[in-house]
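Colleague: entry-v7.txt is the file, holding compact mmCIF, C-alpha atoms:
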```
# COMPACT_ATOMS: atom_id res chain seq x y z
CA MET A 980 0.00 0.00 0.00
CA THR A 981 1.43 3.38 -1.00
CA THR A 982 0.97 6.16 1.50
CA PRO A 983 -2.10 8.14 0.42
CA GLN A 984 -1.98 11.92 0.62
CA THR A 985 -5.74 12.50 0.72
CA LEU A 986 -8.84 10.74 2.02
CA ASP A 987 -9.92 10.19 -1.60
CA ASP A 988 -6.63 8.36 -2.30
CA LEU A 989 -7.16 6.25 0.80
CA ARG A 990 -10.76 5.51 -0.20
CA GLN A 991 -9.57 4.26 -3.61
CA GLN A 992 -7.02 1.97 -1.95
CA LEU A 993 -9.68 0.60 0.40
CA ILE A 994 -12.06 -0.11 -2.50
CA GLN A 995 -9.38 -2.21 -4.20
CA TRP A 996 -8.05 -3.95 -1.06
CA LYS A 997 -9.03 -7.58 -0.43
CA GLY A 998 -6.64 -8.35 2.43
CA ILE A 999 -9.17 -10.16 4.66
CA ASP A 1000 -12.00 -12.57 3.93
CA ILE A 1001 -14.80 -10.12 4.79
CA ALA A 1002 -13.36 -7.71 2.21
CA LYS A 1003 -14.26 -10.33 -0.41
CA THR A 1004 -17.88 -10.72 0.73
CA SER A 1005 -18.95 -7.19 1.72
CA ASN A 1006 -18.58 -3.66 0.45
CA PRO A 1007 -15.89 -1.30 1.74
CA VAL A 1008 -17.20 1.39 4.08
CA PRO A 1009 -14.68 4.23 4.23
CA GLY A 1010 -14.99 7.05 6.71
CA ASP A 1011 -17.15 10.04 5.88
CA GLY A 1012 -17.41 13.67 6.89
CA ASN A 1013 -15.27 16.75 7.25
CA PRO A 1014 -11.69 16.03 6.11
CA LYS A 1015 -10.47 18.85 8.37
CA ALA A 1016 -12.55 17.85 11.40
CA ALA A 1017 -11.19 18.56 14.85
CA ILE A 1018 -13.18 15.57 16.13
CA VAL A 1019 -13.32 12.02 14.75
CA PHE A 1020 -15.85 9.40 15.88
CA VAL A 1021 -14.64 5.80 15.52
CA GLY A 1022 -17.03 2.84 15.66
CA GLU A 1023 -16.24 -0.85 15.46
CA ALA A 1024 -17.48 -2.08 12.04
CA PRO A 1025 -20.22 -1.43 9.50
CA GLY A 1026 -23.64 -3.04 9.82
CA GLN A 1027 -25.99 -4.16 7.06
CA ARG A 1028 -27.24 -0.69 6.11
CA GLU A 1029 -23.70 0.70 6.06
CA ASP A 1030 -22.60 -2.20 3.85
CA GLU A 1031 -25.47 -1.48 1.45
CA LEU A 1032 -24.85 2.29 1.25
CA GLY A 1033 -21.06 2.36 1.69
CA LYS A 1034 -21.26 5.00 4.44
CA PRO A 1035 -20.67 4.66 8.19
CA PHE A 1036 -23.42 5.04 10.77
CA VAL A 1037 -26.46 5.27 8.49
CA GLY A 1038 -28.60 2.65 10.27
CA GLN A 1039 -30.42 2.91 13.60
CA ALA A 1040 -27.18 3.53 15.54
CA GLY A 1041 -26.40 6.30 13.07
CA LYS A 1042 -29.74 7.96 13.71
CA LEU A 1043 -28.98 7.95 17.42
CA LEU A 1044 -25.49 9.33 16.71
CA ASP A 1045 -27.12 12.15 14.73
CA GLU A 1046 -29.32 12.94 17.76
CA LEU A 1047 -26.29 12.88 20.04
CA LEU A 1048 -24.40 15.26 17.73
CA ALA A 1049 -27.39 17.59 17.56
CA SER A 1050 -27.58 17.61 21.37
CA ILE A 1051 -24.23 19.47 21.40
CA ASP A 1052 -24.96 21.57 18.29
CA LEU A 1053 -22.90 19.48 15.87
CA LYS A 1054 -23.82 17.97 12.51
CA ARG A 1055 -22.21 15.18 10.50
CA GLU A 1056 -20.65 17.85 8.29
CA ASP A 1057 -18.73 19.15 11.32
CA VAL A 1058 -17.10 15.84 12.25
CA TYR A 1059 -15.55 12.79 10.63
CA ILE A 1060 -17.09 9.35 11.26
CA THR A 1061 -15.34 6.06 10.58
CA ASN A 1062 -14.88 2.52 11.88
CA VAL A 1063 -11.96 0.38 12.98
CA VAL A 1064 -13.00 -2.43 10.60
CA LYS A 1065 -13.94 -1.21 7.14
CA PHE A 1066 -16.08 -4.20 6.05
CA ARG A 1067 -19.19 -5.79 7.57
CA PRO A 1068 -18.59 -8.96 9.59
CA PRO A 1069 -21.17 -11.64 8.67
CA GLU A 1070 -24.41 -11.49 10.68
CA ASN A 1071 -23.09 -8.39 12.50
CA ARG A 1072 -20.80 -10.53 14.66
CA ASP A 1073 -18.00 -8.81 16.56
CA PRO A 1074 -14.94 -8.18 14.42
CA THR A 1075 -12.09 -10.61 15.06
CA PRO A 1076 -8.70 -9.45 16.35
CA GLU A 1077 -7.27 -10.35 12.92
CA GLU A 1078 -9.86 -8.19 11.12
CA LYS A 1079 -9.16 -5.27 13.44
CA ALA A 1080 -5.39 -5.64 12.98
CA ALA A 1081 -5.70 -5.91 9.18
CA CYS A 1082 -7.86 -2.76 8.94
CA LEU A 1083 -5.91 -0.73 11.52
CA PRO A 1084 -3.54 0.83 8.93
CA PHE A 1085 -6.55 2.37 7.16
CA LEU A 1086 -7.73 3.97 10.42
CA GLN A 1087 -4.22 5.17 11.23
CA LEU A 1088 -3.90 6.74 7.77
CA GLU A 1089 -7.30 8.43 8.09
CA LEU A 1090 -6.24 9.95 11.40
CA ALA A 1091 -2.84 10.99 10.02
CA ILE A 1092 -4.52 12.80 7.11
CA ILE A 1093 -7.23 14.48 9.21
CA ARG A 1094 -5.08 15.24 12.29
CA PRO A 1095 -7.99 15.66 14.74
CA LYS A 1096 -7.65 17.13 18.21
CA VAL A 1097 -10.18 14.69 19.72
CA ILE A 1098 -10.96 11.07 18.87
CA VAL A 1099 -14.20 9.61 20.21
CA PRO A 1100 -14.04 5.82 20.28
CA LEU A 1101 -17.59 4.45 20.27
CA GLY A 1102 -17.61 1.25 22.30
CA ARG A 1103 -15.07 -1.27 23.45
CA HIS A 1104 -13.75 -2.40 20.06
CA ALA A 1105 -12.82 1.14 19.09
CA LEU A 1106 -11.47 2.00 22.54
CA THR A 1107 -9.02 -0.91 22.50
CA GLN A 1108 -7.36 0.56 19.42
CA PHE A 1109 -6.13 3.40 21.64
CA PHE A 1110 -6.03 1.92 25.16
CA THR A 1111 -5.78 -1.85 25.50
CA ASN A 1112 -6.16 -2.14 29.25
CA ILE A 1113 -9.19 0.09 29.96
CA SER A 1114 -12.80 -1.05 29.75
CA ILE A 1115 -15.46 1.12 28.15
CA THR A 1116 -17.45 0.85 31.40
CA ASP A 1117 -14.61 2.57 33.27
CA ALA A 1118 -13.57 4.98 30.51
CA HIS A 1119 -16.83 6.32 29.04
CA GLY A 1120 -17.40 10.05 29.38
CA LYS A 1121 -13.87 10.83 30.57
CA PRO A 1122 -11.23 12.48 28.39
CA ARG A 1123 -7.71 11.05 28.31
CA LYS A 1124 -4.60 12.48 26.68
CA LEU A 1125 -3.02 10.30 24.02
CA THR A 1126 -0.42 12.94 23.12
CA ASP A 1127 0.03 16.63 23.96
CA SER A 1128 -2.20 17.57 21.02
CA LEU A 1129 -4.62 14.63 20.93
CA SER A 1130 -7.30 13.57 23.42
CA ILE A 1131 -9.41 10.44 23.49
CA PHE A 1132 -13.00 10.81 24.76
CA PRO A 1133 -14.64 7.34 24.86
CA LEU A 1134 -18.40 6.87 24.64
CA TYR A 1135 -20.61 3.83 24.66
CA HIS A 1136 -21.51 2.72 21.14
CA PRO A 1137 -24.96 4.04 20.12
CA ALA A 1138 -25.99 0.46 19.25
CA ALA A 1139 -25.41 -0.51 22.89
CA ALA A 1140 -27.99 2.08 23.93
CA LEU A 1141 -30.43 0.69 21.37
CA HIS A 1142 -30.06 -2.79 22.89
CA ASN A 1143 -29.95 -1.53 26.50
CA PRO A 1144 -32.22 1.53 26.90
CA ASN A 1145 -30.71 2.19 30.35
CA LEU A 1146 -27.52 3.31 28.58
CA LYS A 1147 -29.27 5.95 26.48
CA GLN A 1148 -29.40 8.54 29.28
CA THR A 1149 -25.75 7.84 30.11
CA LEU A 1150 -24.82 8.29 26.46
CA PHE A 1151 -26.56 11.68 26.31
CA GLU A 1152 -24.90 12.76 29.57
CA ASP A 1153 -21.50 11.69 28.26
CA MET A 1154 -22.16 13.56 25.02
CA LYS A 1155 -22.99 16.67 27.04
CA ALA A 1156 -19.64 16.23 28.84
CA LEU A 1157 -17.95 15.92 25.43
CA GLY A 1158 -19.59 19.18 24.33
CA LYS A 1159 -18.28 20.90 27.45
CA PHE A 1160 -14.80 19.40 26.88
CA LEU A 1161 -14.79 20.67 23.28
CA ARG A 1162 -15.67 24.20 24.41
CA GLU A 1163 -12.86 24.34 26.99
```
Translate this structure into structure tokens?
Modeller:
Amino acid sequence: MTTPQTLDDLRQQLIQWKGIDIAKTSNPVPGDGNPKAAIVFVGEAPGQREDELGKPFVGQAGKLLDELLASIDLKREDVYITNVVKFRPPENRDPTPEEKAACLPFLQLELAIIRPKVIVPLGRHALTQFFTNISITDAHGKPRKLTDSLSIFPLYHPAAALHNPNLKQTLFEDMKALGKFLRE
């Protein structure tokens, strides 16, 4: 893989890449949004709707993410949204460690091109790409420095709140904390 200079270059490489089995049976779902975003949301992997449309977070979890963004006066156009794994695992199963490792260079290149100030891992699979020894239960809603110029602000995955309605209020409270963090 040559080092892409733009997100469009990276998208073209992803479309052609067949480095893991799920890349041969599902459509690539590159990140989407503002290429100069100060904040990047990272989910785990595309679902069925994302696979069909080739865009991240366009199903039910995406609708909830849109509500969460609106709750702190942000729109999709203001942020960048992507996933760790760029292809849909069959039957929406959790991505395997091998799938995450194989797709990680794409995520790293996205982040290198965008150069955000804040990364918001959505759920445990995304969080472990940045911190391997912290659980989402302990980390959600609390900013952590990754470098002097980059903070990680983990949130529960919106899909978790769809499956467990008790998490929805927590997710909105954490999003409010993220909004406050972004203003400071």
Colleague: With only C-alpha atoms counted, which protein, DNA or RNA residues have an atom no more than 12 Å from (-7.8, -3.8, 14.6) in the file frame? Please answer as a PyMOL selection string.
Modeller: chain A and resi 999+1021-1024+1062-1066+1073-1087+1103-1109+1111
Colleague: Please identify every residue of stretch 1086-1125 of chain A that has at least one atom no farther than 9 Å from an atom of stretch 1137-1152 of chain A, counting only C-alpha atoms, and for each give the shortest atom pair and the distance in Å to one decimal, arranged by chain then increasing number, as a tab-separated table.
Modeller:
```
residue	atom	partner	partner_atom	distance
A:Leu1101	CA	A:Pro1137	CA	7.4
A:Gly1102	CA	A:Ala1139	CA	8.0
A:His1119	CA	A:Leu1150	CA	8.6
A:Gly1120	CA	A:Glu1152	CA	8.0
```
Colleague: Choose the residue, out of A:Leu1134, A:Ala1002, A:Leu1129, A:Val1058, that has the smallest atom-to-atom separation from A:Ile1115; count all atoms listed in the file.
Modeller: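 Among A:Leu1134, A:Ala1002, A:Leu1129, A:Val1058, it is A:Leu1134 that comes nearest to A:Ile1115.
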Colleague: Find, counting only C-alpha atoms, the residue in A:Leu1125, A:Val1008, A:Ala1017, A:Ala1049 that gets nearest to A:Glu1029.
Modeller: A:Val1008
Colleague: Choose the residue, out of A:Ile1113, A:Ala1118, A:Ile1051, A:Ile1093, that has the smallest atom-to-atom separation from A:Lys1155; count all atoms listed in the file.
Modeller: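 Distance minimum relative to A:Lys1155 lands on A:Ile1051.
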Colleague: Leaving out A:Gln991 and any residue of its chain fewer than 6 positions from it, which residues lie within 10 Å of it when counting all atoms listed in the file, given as a list in words?
Modeller: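 The residues satisfying every condition are Pro983, Pro1007 and Pro1009 of chain A.
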Colleague: What is the distance between atom CA of A:Asp1057 and atom CA of A:Pro1095, in Å to one decimal?
Modeller: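 Computing it gives 11.8 Å between the two atoms.
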Colleague: Hey, which of A:Arg1055, A:Asp988, A:Pro1035, A:Thr981 ends up closest to A:Gly1012? Count only C-alpha atoms.
Modeller: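 Result for the nearest residue to A:Gly1012: A:Arg1055.
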Colleague: Just checking: using all atoms listed in the file, which residue out of A:Lys1124, A:His1136, A:Lys1096, A:Lys997 ends up closest to A:Leu1043?
Modeller: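 Among the listed residues, A:His1136 lies closest to A:Leu1043.
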Colleague: Check the smallest atom-to-atom distance from each of A:Asp1052, A:Asp987, A:Ile1060, A:Thr1126 to A:Lys1159 using only C-alpha atoms, then report the winner.
Modeller: A:Asp1052
Colleague: Rounded to one decimal in Å, what is the spacing between atom CA of A:Gln984 and atom CA of A:Asp1030?
Modeller: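 Between atom CA of A:Gln984 and atom CA of A:Asp1030 the gap works out to 25.2 Å.
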Colleague: Would you mind reading off the distance between atom CA of A:Phe1160 and atom CA of A:Phe1110, one decimal, in Å?
Modeller: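 Going from atom CA of A:Phe1160 over to atom CA of A:Phe1110, I get 19.6 Å.
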Colleague: Missing atoms in stretch 1134-1159 of chain A should be modelled up to N, CA and C atoms and reported as a compact mmCIF listing (two decimals), in the coordinates of the input.
Modeller:
```txt
# COMPACT_ATOMS: atom_id res chain seq x y z
N LEU A 1134 -16.95 6.93 24.39
CA LEU A 1134 -18.40 6.87 24.64
C LEU A 1134 -18.86 5.44 24.40
N TYR A 1135 -19.98 5.09 25.02
CA TYR A 1135 -20.61 3.83 24.66
C TYR A 1135 -21.02 3.91 23.18
N HIS A 1136 -21.06 2.77 22.53
CA HIS A 1136 -21.51 2.72 21.14
C HIS A 1136 -23.02 2.99 21.12
N PRO A 1137 -23.51 3.80 20.19
CA PRO A 1137 -24.96 4.04 20.12
C PRO A 1137 -25.78 2.75 20.02
N ALA A 1138 -25.26 1.73 19.35
CA ALA A 1138 -25.99 0.46 19.25
C ALA A 1138 -26.20 -0.17 20.62
N ALA A 1139 -25.25 0.03 21.54
CA ALA A 1139 -25.41 -0.51 22.89
C ALA A 1139 -26.62 0.12 23.57
N ALA A 1140 -26.83 1.40 23.34
CA ALA A 1140 -27.99 2.08 23.93
C ALA A 1140 -29.30 1.65 23.27
N LEU A 1141 -29.23 1.21 22.03
CA LEU A 1141 -30.43 0.69 21.37
C LEU A 1141 -30.82 -0.67 21.95
N HIS A 1142 -29.80 -1.46 22.31
CA HIS A 1142 -30.06 -2.79 22.89
C HIS A 1142 -30.33 -2.71 24.40
N ASN A 1143 -29.78 -1.71 25.06
CA ASN A 1143 -29.95 -1.53 26.50
C ASN A 1143 -30.40 -0.10 26.76
N PRO A 1144 -31.70 0.16 26.76
CA PRO A 1144 -32.22 1.53 26.90
C PRO A 1144 -31.71 2.27 28.15
N ASN A 1145 -31.26 1.53 29.17
CA ASN A 1145 -30.71 2.19 30.35
C ASN A 1145 -29.44 2.98 30.03
N LEU A 1146 -28.75 2.61 28.96
CA LEU A 1146 -27.52 3.31 28.58
C LEU A 1146 -27.78 4.61 27.83
N LYS A 1147 -28.98 4.78 27.31
CA LYS A 1147 -29.27 5.95 26.48
C LYS A 1147 -29.06 7.25 27.25
N GLN A 1148 -29.58 7.33 28.47
CA GLN A 1148 -29.40 8.54 29.28
C GLN A 1148 -27.92 8.78 29.56
N THR A 1149 -27.18 7.72 29.87
CA THR A 1149 -25.75 7.84 30.11
C THR A 1149 -25.04 8.37 28.87
N LEU A 1150 -25.43 7.86 27.72
CA LEU A 1150 -24.82 8.29 26.46
C LEU A 1150 -25.07 9.78 26.22
N PHE A 1151 -26.27 10.25 26.48
CA PHE A 1151 -26.56 11.68 26.31
C PHE A 1151 -25.80 12.52 27.34
N GLU A 1152 -25.68 12.03 28.56
CA GLU A 1152 -24.90 12.76 29.57
C GLU A 1152 -23.42 12.82 29.20
N ASP A 1153 -22.89 11.71 28.69
CA ASP A 1153 -21.50 11.69 28.26
C ASP A 1153 -21.28 12.62 27.07
N MET A 1154 -22.26 12.67 26.18
CA MET A 1154 -22.16 13.56 25.02
C MET A 1154 -22.16 15.01 25.48
N LYS A 1155 -22.98 15.32 26.47
CA LYS A 1155 -22.99 16.67 27.04
C LYS A 1155 -21.61 17.00 27.62
N ALA A 1156 -21.00 16.04 28.30
CA ALA A 1156 -19.64 16.23 28.84
C ALA A 1156 -18.64 16.43 27.70
N LEU A 1157 -18.82 15.71 26.59
CA LEU A 1157 -17.95 15.92 25.43
C LEU A 1157 -18.11 17.34 24.90
N GLY A 1158 -19.35 17.81 24.79
CA GLY A 1158 -19.59 19.18 24.33
C GLY A 1158 -18.88 20.19 25.21
N LYS A 1159 -18.96 20.00 26.50
CA LYS A 1159 -18.28 20.90 27.45
C LYS A 1159 -16.77 20.82 27.26
```
